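For reference, the structure is listed below as C-alpha cells.
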Amino acid sequence: MIEVIAAFRAKPGSEDKLREATLAIVEPTRREEGCIQFVVHEDTDAPGTFFIRESWRDQEALTAHFEQPYLKALVELHKDILAEPLKLHNLKVHA
C-alpha cells in the first residue's frame, strides 16, 4: 500500500475556487481502481490551506491516478491559483 499526503495553499482570493475544484475530484478519484482512501482536509486556522490524505493499493494505481483527465485539469488550474507549488509527501507506513 502507498500513502501520500498532498499539501497546497491558495493564493489570497482564490480559496473558494481551489476548494471547489479540489472537492470536485473526490468522487471520481474514490471510484478509481486501486484507491483505498482519498480525503480532503482544510486547515481551520488557515482557510485555503489543504491536505489530501491518499491511500493506494500500489504504485501502478497511483500512477494511473496521475493520468486521469480531472486530475490533470486540477494540476493545470493550480498554476494560476496556488500560492506555492503543491508538495507531495510519500509516506512509509510503520505498524
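Ligands are numbered from 1 in the order shown, chains are lettered A, B, ... in the order of the C-alpha cells, and residues start at 1 in each chain.
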
Residues of segment 48-91 of chain A at most 7 Å from segment 36-43 of chain A: nearest atom pair and distance in Å, only C-alpha atoms, as a Markdown table:
```
| residue | atom | partner | partner_atom | distance |
| --- | --- | --- | --- | --- |
| A:Gly48 | CA | A:Glu42 | CA | 6.8 |
| A:Thr49 | CA | A:Asp43 | CA | 5.5 |
| A:Phe50 | CA | A:Glu42 | CA | 4.5 |
| A:Phe51 | CA | A:His41 | CA | 5.1 |
| A:Ile52 | CA | A:Val40 | CA | 4.5 |
| A:Arg53 | CA | A:Val39 | CA | 5.3 |
| A:Glu54 | CA | A:Phe38 | CA | 4.5 |
| A:Ser55 | CA | A:Gln37 | CA | 4.9 |
| A:Trp56 | CA | A:Ile36 | CA | 5.3 |
| A:Arg57 | CA | A:Ile36 | CA | 6.5 |
```

Using only C-alpha atoms, which of A:His65, A:His94, A:His89, A:Lys79 sits nearest Ala10 of chain A? A:Lys79

Which is closest to Glu27 of chain A among A:Ala7, A:Ala46, A:Leu71, A:Met1, if we use only C-alpha atoms?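 Using only C-alpha atoms, the shortest distance to Glu27 of chain A belongs to A:Leu71.
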
I need the residues of chain A that end up classed as strand (DSSP E) by DSSP on the backbone, written out as JSON, numbers by chain. {"A": [2, 3, 4, 5, 6, 7, 8, 9, 35, 36, 37, 38, 39, 40, 41, 42, 49, 50, 51, 52, 53, 54, 55, 56, 87, 88, 89, 90, 91]}

Name the residues of chain A that come out as alpha helix (DSSP H) in a backbone DSSP run; write them as a PyMOL selection string. chain A and resi 15-24+26-30+59-66+69-81

Give the answer as one residue: which of A:Lys92, A:Ile2, A:Leu62, A:Lys87 has the shortest atom-to-atom distance to Val75 of chain A, using only C-alpha atoms? A:Lys87

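Atom CA of Val4 of chain A to atom CA of Lys17 of chain A spans 23.1 Å [interatomic distance, one decimal].
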
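Atom CA of Asp45 of chain A is positioned 28.3 Å from atom CA of Tyr70 of chain A.
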